[in-house]
$ cat start19.cif   # mmCIF, C-alpha atoms
data_protein
loop_
_atom_site.label_atom_id
_atom_site.label_comp_id
_atom_site.auth_asym_id
_atom_site.auth_seq_id
_atom_site.Cartn_x
_atom_site.Cartn_y
_atom_site.Cartn_z
CA MET X 1 7.42 4.79 7.53
CA ARG X 2 5.27 6.39 4.85
CA ARG X 3 7.10 4.54 2.09
CA GLY X 4 6.02 1.22 3.58
CA LEU X 5 2.35 2.24 3.75
CA LYS X 6 1.97 2.09 -0.02
CA TYR X 7 2.43 -1.69 0.17
CA VAL X 8 -0.41 -2.23 2.66
CA PRO X 9 -3.36 -2.34 0.18
CA PRO X 10 -1.66 -4.85 -2.18
CA ALA X 11 -0.56 -6.94 0.81
CA LEU X 12 -4.13 -7.03 2.16
CA LEU X 13 -5.42 -8.03 -1.28
CA LEU X 14 -2.86 -10.85 -1.51
CA LEU X 15 -3.77 -11.98 2.01
CA ALA X 16 -7.48 -12.08 1.10
CA LEU X 17 -6.69 -14.11 -2.04
CA LEU X 18 -4.51 -16.48 -0.02
CA GLU X 19 -7.23 -16.95 2.60
CA LEU X 20 -9.84 -17.64 -0.09
CA THR X 21 -7.57 -20.10 -1.90
CA VAL X 22 -6.76 -22.00 1.29
CA PHE X 23 -10.44 -22.07 2.26
CA VAL X 24 -11.44 -23.50 -1.14
CA LEU X 25 -8.68 -26.13 -0.99
CA VAL X 26 -9.62 -27.16 2.56
CA GLY X 27 -13.31 -27.14 1.57
CA ARG X 28 -12.59 -29.48 -1.34
CA GLY X 29 -10.53 -31.73 0.90
CA VAL X 30 -12.78 -32.08 3.93
CA GLY X 31 -16.09 -30.64 2.74
CA PHE X 32 -17.53 -27.15 2.64
CA GLY X 33 -19.59 -27.50 5.83
CA PHE X 34 -16.64 -28.74 7.85
CA ALA X 35 -14.44 -25.90 6.51
CA VAL X 36 -17.04 -23.32 7.56
CA LEU X 37 -17.34 -24.98 10.97
CA LEU X 38 -13.54 -24.92 11.33
CA VAL X 39 -13.36 -21.19 10.55
CA PHE X 40 -16.26 -20.48 12.93
CA ALA X 41 -14.68 -22.51 15.76
CA ALA X 42 -11.30 -20.81 15.28
CA SER X 43 -12.94 -17.37 15.39
CA LEU X 44 -14.88 -18.25 18.53
CA LEU X 45 -11.72 -19.57 20.20
CA GLY X 46 -9.90 -16.37 19.17
CA LEU X 47 -12.58 -14.20 20.79
CA VAL X 48 -12.34 -16.15 24.05
CA LEU X 49 -8.54 -15.98 23.99
CA LEU X 50 -8.61 -12.26 23.16
CA ARG X 51 -10.26 -11.51 26.49
CA ARG X 52 -7.98 -13.89 28.40
CA GLU X 53 -4.78 -12.57 26.80
CA GLY X 54 -5.86 -8.99 27.42
CA MET X 55 -6.41 -9.66 31.11
CA ARG X 56 -3.15 -11.61 31.35
CA ALA X 57 -1.21 -8.76 29.70
CA TRP X 58 -2.76 -6.18 32.04
CA ARG X 59 -1.98 -8.25 35.15
CA GLY X 60 1.62 -8.79 34.02
CA PHE X 61 2.07 -5.08 33.34
CA ARG X 62 0.64 -4.10 36.73
CA ALA X 63 2.77 -6.67 38.57
CA ALA X 64 5.94 -5.40 36.89
CA VAL X 65 5.13 -1.77 37.68
CA GLU X 66 4.23 -2.54 41.31
CA SER X 67 7.47 -4.48 41.82
CA GLY X 68 9.53 -1.63 40.33
CA GLN X 69 10.74 -3.67 37.33
CA PRO X 70 10.71 -2.42 33.75
CA PRO X 71 7.42 -3.58 32.18
CA GLY X 72 8.79 -4.08 28.67
CA ARG X 73 8.95 -7.87 28.72
CA GLN X 74 5.38 -8.16 29.97
CA VAL X 75 4.20 -5.57 27.44
CA THR X 76 5.81 -7.33 24.47
CA ASP X 77 4.57 -10.74 25.66
CA GLY X 78 1.09 -9.28 26.06
CA LEU X 79 1.17 -7.64 22.63
CA VAL X 80 2.25 -10.87 20.94
CA GLY X 81 -0.48 -12.79 22.80
CA LEU X 82 -3.11 -10.22 21.85
CA LEU X 83 -1.97 -10.27 18.22
CA GLY X 84 -2.15 -14.07 18.19
CA ALA X 85 -5.66 -14.04 19.66
CA LEU X 86 -6.76 -11.31 17.25
CA LEU X 87 -5.44 -13.22 14.24
CA LEU X 88 -7.21 -16.33 15.51
CA ALA X 89 -10.45 -14.35 15.90
CA LEU X 90 -10.32 -13.08 12.31
CA PRO X 91 -12.24 -15.34 9.94
CA GLY X 92 -9.72 -17.24 7.89
CA LEU X 93 -7.63 -20.36 8.06
CA VAL X 94 -4.21 -18.81 7.34
CA SER X 95 -4.66 -16.03 9.90
CA GLY X 96 -5.96 -18.63 12.36
CA VAL X 97 -2.88 -20.81 11.97
CA VAL X 98 -0.54 -17.82 12.34
CA GLY X 99 -2.50 -16.66 15.41
CA LEU X 100 -2.36 -20.12 16.94
CA LEU X 101 1.39 -20.27 16.33
CA LEU X 102 1.86 -16.93 18.10
CA LEU X 103 0.20 -18.43 21.18
CA VAL X 104 2.68 -21.34 21.38
CA PRO X 105 5.28 -20.38 24.05
CA PRO X 106 8.54 -20.85 22.05
CA VAL X 107 7.17 -18.98 19.03
CA ARG X 108 5.71 -16.35 21.34
CA ARG X 109 9.12 -15.75 22.97
CA LEU X 110 10.81 -15.53 19.58
CA ALA X 111 8.21 -13.05 18.32
CA GLY X 112 8.57 -11.07 21.58
CA VAL X 113 12.32 -10.77 20.98
CA GLY X 114 11.59 -9.44 17.50
CA VAL X 115 9.08 -6.90 18.84
CA ARG X 116 11.57 -5.80 21.49
CA ARG X 117 14.38 -5.31 18.96
CA ALA X 118 12.12 -3.38 16.60
CA THR X 119 10.96 -1.18 19.48
CA GLU X 120 14.51 -0.52 20.67
CA ARG X 121 15.47 0.60 17.13
CA ARG X 122 12.54 2.99 16.86
CA VAL X 123 12.58 4.70 20.26
CA SER X 124 15.32 6.61 22.04
CA SER X 125 17.75 4.66 24.18
CA MET X 126 16.40 6.39 27.30
CA VAL X 127 12.83 5.27 26.59
CA ALA X 128 14.05 1.77 25.71
CA GLY X 129 15.94 1.64 29.01
CA ASP X 130 12.84 2.69 30.94
CA LEU X 131 10.74 0.13 29.10
CA PHE X 132 13.08 -2.86 28.96
CA GLY X 133 15.70 -2.10 31.60
CA PRO X 134 19.43 -1.79 30.99
CA ARG X 135 20.64 -3.08 27.66
CA ARG X 136 22.98 -6.00 27.46
CA VAL X 137 26.10 -5.02 25.62
CA ARG X 138 28.39 -7.55 24.03
CA VAL X 139 32.04 -6.76 24.82
CA ARG X 140 34.73 -8.24 22.64
CA ARG X 141 38.16 -8.83 23.99
CA GLY X 142 41.25 -8.07 22.01
CA ALA X 143 43.34 -5.17 20.82
CA PRO X 144 41.38 -1.90 20.73
CA GLN X 145 40.78 -0.23 17.41
CA SER X 146 42.54 3.14 17.23
CA THR X 147 40.73 4.58 14.23
CA PRO X 148 38.85 7.71 15.33
CA THR X 149 35.32 8.29 14.10
CA PRO X 150 34.05 11.76 13.16
CA GLN X 151 31.97 11.95 16.37
CA GLN X 152 34.80 10.73 18.60
CA PRO X 153 38.00 12.74 19.18
CA PRO X 154 41.26 10.91 18.56
CA VAL X 155 42.88 9.24 21.56
CA THR X 156 46.12 10.95 22.55
CA GLU X 157 48.73 10.71 25.21
CA PRO X 158 48.16 12.65 28.48
CA GLY X 159 49.48 16.21 28.35
CA ARG X 160 49.29 16.60 24.55
CA ALA X 161 47.12 19.30 23.03
CA ILE X 162 44.23 18.53 20.70
CA GLU X 163 42.78 21.55 18.93
CA GLY X 164 43.64 23.91 21.77
CA GLU X 165 42.66 21.61 24.65
CA ILE X 166 45.05 19.88 27.00
CA VAL X 167 44.23 16.30 27.86
CA GLU X 168 45.03 15.61 31.48
CA PRO X 169 45.44 12.17 33.02
CA GLY X 170 42.24 10.83 34.56
CA ARG X 171 39.87 12.94 32.42
#

$ encode --input "start19.cif" --output "structure tokens"
Amino acid sequence: MRRGLKYVPPALLLLALLELTVFVLVGRGVGFGFAVLLVFAASLLGLVLLRREGMRAWRGFRAAVESGQPPGRQVTDGLVGLLGALLLALPGLVSGVVGLLLLVPPVRRLAGVGVRRATERRVSSMVAGDLFGPRRVRVRRGAPQSTPTPQQPPVTEPGRAIEGEIVEPGR
């Protein structure tokens, strides 16, 4: 995690340069006043949506908890919606477009799947199960692999000894 933090300042600088470049290009294309008005309108819309998405996320979380369901789906959907509204509220055309895209339902679902997968990789399986419910496991049919891993003892026939233990049928 710390290794990735060293890239944050250069990434923010590149983002600021990209925003400025896009603003200048749009300003040249449609006029400076209209470009400023566009950025202002997008920021105002983002602020309105920030409140709405926050309330929507809270209601979805409460409804999931009250019904006894894992709240993970509502939490990730709410986080993606809040991020989209926040990016739209930030002054800038690139961040506004990305924020607007995150509010479109198909993109929002896709981003939610990405957030869920990233969360499941970073937290313990028990916490992920409490948050998102039971995991779906893909089972492949076919001949089983008989190569033992270091964490898994080798499969033997019932009644044979493995390192001093006797494997009994049904255990």

$ residues_around --input "start19.cif" --residues "Val39 in chain X" --least-positions-apart "6" --cutoff "12 Å" --atoms "all atoms listed in the file" --output "list in words"
Glu19, Leu20, Val22, Phe23, Val26, Gly27, Phe32, Gly33, Leu45, Gly46, Leu87, Leu88, Ala89, Leu90, Pro91, Gly92, Leu93, Val94, Ser95, Gly96 and Val97 of chain X

$ residues_around --input "start19.cif" --residues "range 102-119 of chain X" --least-positions-apart "6" --cutoff "7 Å" --atoms "all atoms listed in the file" --output "VMD selection string"
chain X and resid 76 to 77 80 to 81 84

$ write_last_selection --input "start19.cif" --atoms "C-alpha atoms" --output "mmCIF file, in the coordinates of the input"
data_model
loop_
_atom_site.group_PDB
_atom_site.id
_atom_site.type_symbol
_atom_site.label_atom_id
_atom_site.label_comp_id
_atom_site.auth_asym_id
_atom_site.auth_seq_id
_atom_site.Cartn_x
_atom_site.Cartn_y
_atom_site.Cartn_z
ATOM 1 C CA THR X 76 5.810 -7.330 24.470
ATOM 2 C CA ASP X 77 4.570 -10.740 25.660
ATOM 3 C CA VAL X 80 2.250 -10.870 20.940
ATOM 4 C CA GLY X 81 -0.480 -12.790 22.800
ATOM 5 C CA GLY X 84 -2.150 -14.070 18.190
#

$ resolve_selection --input "start19.cif" --expression "the PyMOL selection byres ((chain X and resi 60) around 12)" --output "list of chain:residue names"
X:Glu53, X:Gly54, X:Met55, X:Arg56, X:Ala57, X:Trp58, X:Arg59, X:Phe61, X:Arg62, X:Ala63, X:Ala64, X:Val65, X:Glu66, X:Ser67, X:Gln69, X:Pro70, X:Pro71, X:Gly72, X:Arg73, X:Gln74, X:Val75, X:Thr76, X:Asp77, X:Gly78, X:Leu79

$ axis_aligned_box --input "start19.cif" --around "range 20-26 of chain X" --padding-each-side "5 Å" --output "lines of an AutoDock Vina configuration file"
center_x = -9.1
center_y = -22.4
center_z = 0.3
size_x = 14.7
size_y = 19.5
size_z = 14.5

$ atom_distance --input "start19.cif" --atom1 "CA of Phe34 in chain X" --atom2 "CA of Ala11 in chain X"
28.0 Å

$ atom_distance --input "start19.cif" --atom1 "CA of Gly99 in chain X" --atom2 "CA of Leu82 in chain X"
9.1 Å

$ atom_distance --input "start19.cif" --atom1 "CA of Leu5 in chain X" --atom2 "CA of Val24 in chain X"
29.6 Å

$ closest_residue --input "start19.cif" --among "X:Arg3, X:Pro144, X:Leu86, X:Met126" --to "Leu50 in chain X" --atoms "all atoms listed in the file"
X:Leu86
